[in-house]
file model38.txt (compact mmCIF, C-alpha atoms)
# COMPACT_ATOMS: atom_id res chain seq x y z
CA MET D 19 0.26 -249.38 -9.06
CA LYS D 20 -1.07 -248.02 -12.38
CA THR D 21 -3.47 -250.97 -12.65
CA THR D 22 -4.92 -250.24 -9.21
CA ILE D 23 -5.53 -246.59 -10.12
CA LYS D 24 -7.15 -247.61 -13.43
CA THR D 25 -9.31 -250.20 -11.66
CA THR D 26 -10.40 -247.63 -9.08
CA ILE D 27 -11.30 -245.10 -11.77
CA VAL D 28 -13.29 -247.71 -13.74
CA LEU D 29 -15.16 -248.75 -10.58
CA LEU D 30 -15.98 -245.13 -9.75
CA LEU D 31 -17.26 -244.58 -13.29
CA ILE D 32 -19.42 -247.72 -13.08
CA ILE D 33 -20.85 -246.71 -9.70
CA GLY D 34 -21.50 -243.16 -10.92
CA ALA D 35 -23.17 -244.37 -14.11
CA SER D 36 -25.31 -246.87 -12.21
CA CYS D 37 -26.83 -243.99 -10.23
CA LYS D 38 -28.12 -242.33 -13.38
CA PRO D 39 -31.86 -242.92 -13.91
CA GLU D 40 -31.37 -244.26 -17.42
CA ILE D 41 -29.07 -247.09 -16.20
CA HIS D 42 -30.68 -250.22 -14.79
CA ARG D 43 -29.68 -250.86 -11.19
CA GLU D 44 -31.12 -254.30 -10.50
CA TYR D 45 -27.63 -255.73 -10.05
CA MET D 46 -26.37 -253.06 -7.67
CA SER D 47 -26.15 -254.17 -4.03
CA GLU D 48 -25.95 -250.66 -2.55
CA PRO D 49 -28.44 -247.85 -3.21
CA CYS D 50 -27.27 -244.73 -4.98
CA PRO D 51 -26.70 -241.79 -2.62
CA GLU D 52 -29.89 -240.01 -3.71
CA GLU D 53 -31.90 -243.19 -3.10
CA VAL D 54 -30.90 -243.56 0.53
CA LYS D 55 -34.10 -243.07 2.51
CA VAL D 56 -34.06 -240.82 5.53
CA SER D 57 -36.33 -241.93 8.35
CA ALA D 58 -39.52 -239.99 9.00
CA ALA D 59 -38.27 -239.22 12.51
CA ALA D 60 -35.05 -237.71 11.10
CA GLN D 61 -37.00 -235.68 8.51
CA ILE D 62 -39.39 -234.40 11.20
CA LYS D 63 -36.50 -233.40 13.47
CA LYS D 64 -34.67 -231.57 10.66
CA LEU D 65 -37.80 -229.71 9.56
CA LYS D 66 -38.61 -228.67 13.14
CA ASP D 67 -34.98 -227.66 13.78
CA ASP D 68 -35.14 -225.52 10.61
CA GLY D 69 -38.27 -223.76 11.89
CA PHE D 70 -40.89 -225.34 9.60
CA GLU D 71 -44.48 -225.90 10.74
CA ILE D 72 -45.35 -229.56 10.25
CA PHE D 73 -47.60 -232.36 11.42
CA ASP D 74 -47.62 -236.03 10.52
CA TYR D 75 -50.03 -238.92 10.30
CA ILE D 76 -49.98 -242.59 9.33
CA ASP D 77 -51.49 -243.40 5.93
CA GLU D 78 -53.98 -246.19 6.65
CA LYS D 79 -53.55 -247.70 3.19
CA THR D 80 -49.74 -247.91 3.12
CA GLY D 81 -48.79 -247.67 6.80
CA ASP D 82 -46.29 -244.95 5.87
CA THR D 83 -45.77 -241.78 7.88
CA VAL D 84 -46.92 -238.77 5.86
CA ILE D 85 -45.30 -235.49 6.84
CA MET D 86 -47.43 -232.46 6.10
CA GLN D 87 -45.49 -229.22 5.77
CA GLN D 88 -46.67 -225.64 5.62
CA TYR D 89 -45.64 -223.96 2.38
CA PHE D 90 -46.51 -220.47 1.20
CA MET D 91 -48.34 -219.93 -2.06
CA ALA D 92 -47.71 -216.53 -3.62
CA PHE D 93 -50.46 -215.39 -5.97
CA LEU D 94 -49.02 -212.92 -8.46
CA LYS D 95 -51.59 -210.32 -9.47
CA VAL D 96 -51.71 -207.39 -11.87
CA GLY D 97 -50.10 -204.44 -10.12
CA ASP D 98 -51.09 -200.79 -9.95
CA ARG D 99 -48.24 -199.59 -12.21
CA ARG D 100 -48.68 -200.95 -15.73
CA ASP D 101 -47.42 -197.84 -17.55
CA GLN D 102 -44.01 -199.21 -18.55
CA THR D 103 -42.94 -199.12 -22.18
CA LYS D 104 -42.72 -202.43 -24.05
CA GLU D 105 -38.93 -202.35 -23.66
CA GLN D 106 -39.21 -201.73 -19.92
CA ALA D 107 -41.84 -204.47 -19.54
CA ASP D 108 -39.67 -206.91 -21.52
CA SER D 109 -36.67 -206.07 -19.34
CA LEU D 110 -38.72 -206.53 -16.18
CA GLN D 111 -39.95 -209.89 -17.48
CA LYS D 112 -36.37 -211.08 -17.97
CA LEU D 113 -35.45 -209.92 -14.47
CA HIS D 114 -38.61 -211.57 -13.09
CA MET D 115 -37.69 -214.89 -14.71
CA ALA D 116 -34.14 -214.63 -13.36
CA HIS D 117 -35.52 -213.95 -9.87
CA LEU D 118 -37.83 -216.99 -10.04
CA GLY D 119 -34.95 -219.13 -11.33
CA ARG D 120 -32.77 -217.98 -8.45
CA MET D 121 -35.52 -218.76 -5.93
CA TYR D 122 -35.75 -222.29 -7.34
CA ASP D 123 -31.97 -222.81 -7.59
CA GLU D 124 -31.43 -221.66 -4.00
CA GLY D 125 -34.22 -223.93 -2.72
CA TYR D 126 -36.61 -221.20 -1.62
CA ALA D 127 -39.32 -221.95 -4.20
CA ASP D 128 -40.44 -225.33 -5.45
CA ILE D 129 -42.61 -224.38 -8.40
CA SER D 130 -43.66 -221.25 -10.29
CA GLY D 131 -45.78 -220.63 -13.32
CA PRO D 132 -48.20 -218.31 -15.07
CA PHE D 133 -51.91 -218.86 -15.55
CA GLY D 134 -53.15 -219.47 -19.07
CA ASP D 135 -55.36 -216.43 -19.44
CA ASP D 136 -54.81 -212.69 -19.41
CA GLY D 137 -56.74 -212.07 -16.17
CA ASP D 138 -55.86 -210.18 -13.02
CA LEU D 139 -54.37 -213.30 -11.43
CA ARG D 140 -51.12 -213.79 -13.36
CA GLY D 141 -49.35 -216.76 -11.75
CA ILE D 142 -48.18 -218.56 -8.62
CA THR D 143 -44.99 -219.43 -6.82
CA ILE D 144 -44.87 -221.96 -4.00
CA TYR D 145 -42.25 -221.00 -1.43
CA ASN D 146 -40.61 -223.74 0.65
CA VAL D 147 -39.53 -221.56 3.58
CA PRO D 148 -40.25 -221.67 7.32
CA THR D 149 -42.19 -218.42 7.73
CA PHE D 150 -44.73 -216.17 6.05
CA LYS D 151 -42.39 -213.22 6.60
CA MET D 152 -39.61 -214.95 4.68
CA ALA D 153 -41.92 -215.88 1.78
CA ASP D 154 -43.24 -212.32 1.66
CA SER D 155 -39.73 -210.84 1.69
CA LEU D 156 -38.51 -213.15 -1.08
CA ALA D 157 -41.59 -212.53 -3.24
CA ASN D 158 -41.22 -208.77 -2.86
CA LEU D 159 -37.57 -208.91 -3.99
CA ASP D 160 -38.93 -209.72 -7.46
CA PRO D 161 -38.28 -206.77 -9.81
CA MET D 162 -41.89 -207.03 -11.04
CA MET D 163 -43.11 -206.38 -7.49
CA LYS D 164 -40.61 -203.59 -6.92
CA SER D 165 -41.75 -201.86 -10.12
CA GLY D 166 -45.42 -202.18 -9.22
CA ARG D 167 -46.19 -204.10 -12.42
CA LEU D 168 -47.21 -207.06 -10.25
CA LYS D 169 -48.32 -207.36 -6.64
CA VAL D 170 -48.43 -210.44 -4.46
CA GLU D 171 -50.85 -212.07 -2.06
CA ILE D 172 -49.47 -214.93 0.02
CA LYS D 173 -51.44 -217.73 1.65
CA SER D 174 -50.15 -220.58 3.78
CA TRP D 175 -50.73 -223.96 2.16
CA TRP D 176 -50.21 -227.48 3.48
CA ALA D 177 -48.93 -230.37 1.39
CA GLY D 178 -47.39 -233.78 1.96
CA LYS D 179 -43.61 -233.74 1.92
CA GLY D 180 -42.19 -235.44 -1.15
CA PHE D 181 -45.43 -235.75 -3.11
CA GLY D 182 -45.01 -234.67 -6.72
CA LEU D 183 -47.35 -233.41 -9.37
CA ARG D 184 -48.85 -235.92 -11.75
call {"tool": "encode", "arguments": {"input": "model38.txt", "output": "structure tokens"}}
result
Amino acid sequence: MKTTIKTTIVLLLIIGASCKPEIHREYMSEPCPEEVKVSAAAQIKKLKDDGFEIFDYIDEKTGDTVIMQQYFMAFLKVGDRRDQTKEQADSLQKLHMAHLGRMYDEGYADISGPFGDDGDLRGITIYNVPTFKMADSLANLDPMMKSGRLKVEIKSWWAGKGFGLR
């Protein structure tokens, strides 16, 4: 009985390790859980059921179905209240970063970042939510918005599902 338990544990460790990107998988017969492809039809149904605006088309080059989803791009701009002390501004920045981290961790935002200059347009966040109202509400929960140090302008933006930055 002990041998069976040890064998099972070793097999689970091997399977788990084989699903790590740094481990070669050419000898594995089954895909890792995160590699299992979901059909375009299933993705479309789930997105529509969740309230997302989408459309799809066939890529002539690859023959693949491309699902275009509406996202919401939040442009973070200099706000009307910039009179905070350095300590207050530093505290707000920490709270702002925590808010953005939470939005990412909870799946509401896919990417955030500042611009490289010191202009009126400070940064962006791309919200992956079904509605403008939801994106606006989440963006305005940011302590920087609440304090008036930043303000937000949100635009709908379409992108192909699953395409990454390069």
call {"tool": "residues_near_point", "arguments": {"input": "model38.txt", "point": "(-47.5, -202.1, -10.4)", "cutoff": "9 Å", "atoms": "all atoms listed in the file", "output": "list in words"}}
result
Val96, Gly97, Asp98, Arg99, Arg100, Asp101, Met162, Met163, Lys164, Ser165, Gly166, Arg167, Leu168 and Lys169 of chain D
call {"tool": "closest_residue", "arguments": {"input": "model38.txt", "among": "D:Thr149, D:Glu105, D:Ile85, D:Thr143", "to": "Gly119 of chain D", "atoms": "only C-alpha atoms"}}
result
D:Thr143
call {"tool": "closest_residue", "arguments": {"input": "model38.txt", "among": "D:Gly180, D:Gly69, D:Pro148, D:Pro161", "to": "Leu118 of chain D", "atoms": "only C-alpha atoms"}}
result
D:Pro161
call {"tool": "closest_residue", "arguments": {"input": "model38.txt", "among": "D:Thr83, D:Phe73, D:Ala153, D:Glu78", "to": "Val56 of chain D", "atoms": "only C-alpha atoms"}}
result
D:Thr83
call {"tool": "residues_around", "arguments": {"input": "model38.txt", "residues": "Val84 of chain D", "least_positions_apart": "3", "cutoff": "10 Å", "atoms": "only C-alpha atoms", "output": "compact mmCIF listing (two decimals) with C-alpha atoms, in the coordinates of the input"}}
result
# COMPACT_ATOMS: atom_id res chain seq x y z
CA ALA D 58 -39.52 -239.99 9.00
CA PHE D 73 -47.60 -232.36 11.42
CA ASP D 74 -47.62 -236.03 10.52
CA TYR D 75 -50.03 -238.92 10.30
CA ILE D 76 -49.98 -242.59 9.33
CA ASP D 77 -51.49 -243.40 5.93
CA THR D 80 -49.74 -247.91 3.12
CA GLY D 81 -48.79 -247.67 6.80
CA GLN D 87 -45.49 -229.22 5.77
CA ALA D 177 -48.93 -230.37 1.39
CA GLY D 178 -47.39 -233.78 1.96
CA LYS D 179 -43.61 -233.74 1.92
CA GLY D 180 -42.19 -235.44 -1.15
CA PHE D 181 -45.43 -235.75 -3.11
call {"tool": "atom_distance", "arguments": {"input": "model38.txt", "atom1": "atom CA of Gln111 of chain D", "atom2": "atom CA of Asn146 of chain D"}}
result
22.8 Å
call {"tool": "atom_distance", "arguments": {"input": "model38.txt", "atom1": "atom CA of Phe70 of chain D", "atom2": "atom CA of Tyr122 of chain D"}}
result
18.0 Å
call {"tool": "closest_residue", "arguments": {"input": "model38.txt", "among": "D:Val54, D:Ala107, D:Leu139, D:Leu156", "to": "Gly125 of chain D", "atoms": "all atoms listed in the file"}}
result
D:Leu156
call {"tool": "atom_distance", "arguments": {"input": "model38.txt", "atom1": "atom CA of Ile144 of chain D", "atom2": "atom CA of Lys104 of chain D"}}
result
28.1 Å
call {"tool": "closest_residue", "arguments": {"input": "model38.txt", "among": "D:Lys63, D:Leu113, D:Phe93, D:Trp176", "to": "Ala157 of chain D", "atoms": "all atoms listed in the file"}}
result
D:Phe93
call {"tool": "closest_residue", "arguments": {"input": "model38.txt", "among": "D:Lys151, D:Lys55, D:Arg184, D:His114", "to": "Ile172 of chain D", "atoms": "only C-alpha atoms"}}
result
D:Lys151
call {"tool": "residues_around", "arguments": {"input": "model38.txt", "residues": "Trp175 of chain D", "least_positions_apart": "4", "cutoff": "6 Å", "atoms": "all atoms listed in the file", "output": "PDB file with C-alpha atoms, in the coordinates of the input"}}
result
ATOM      1  CA  GLN D  88     -46.670-225.640   5.620  1.00  0.00           C
ATOM      2  CA  TYR D  89     -45.640-223.960   2.380  1.00  0.00           C
ATOM      3  CA  PHE D  90     -46.510-220.470   1.200  1.00  0.00           C
TER       4      PHE D  90
END
call {"tool": "axis_aligned_box", "arguments": {"input": "model38.txt", "around": "segment 161-169 of chain D", "padding_each_side": "4 Å", "output": "AutoDock Vina command-line options"}}
result
--center_x -43.3 --center_y -204.6 --center_z -9.5 --size_x 18.0 --size_y 13.5 --size_z 13.8
call {"tool": "residues_around", "arguments": {"input": "model38.txt", "residues": "Ile142 of chain D", "least_positions_apart": "4", "cutoff": "10 Å", "atoms": "only C-alpha atoms", "output": "NGL selection string"}}
result
:D and (91-95 or 129-133 or 170-172)
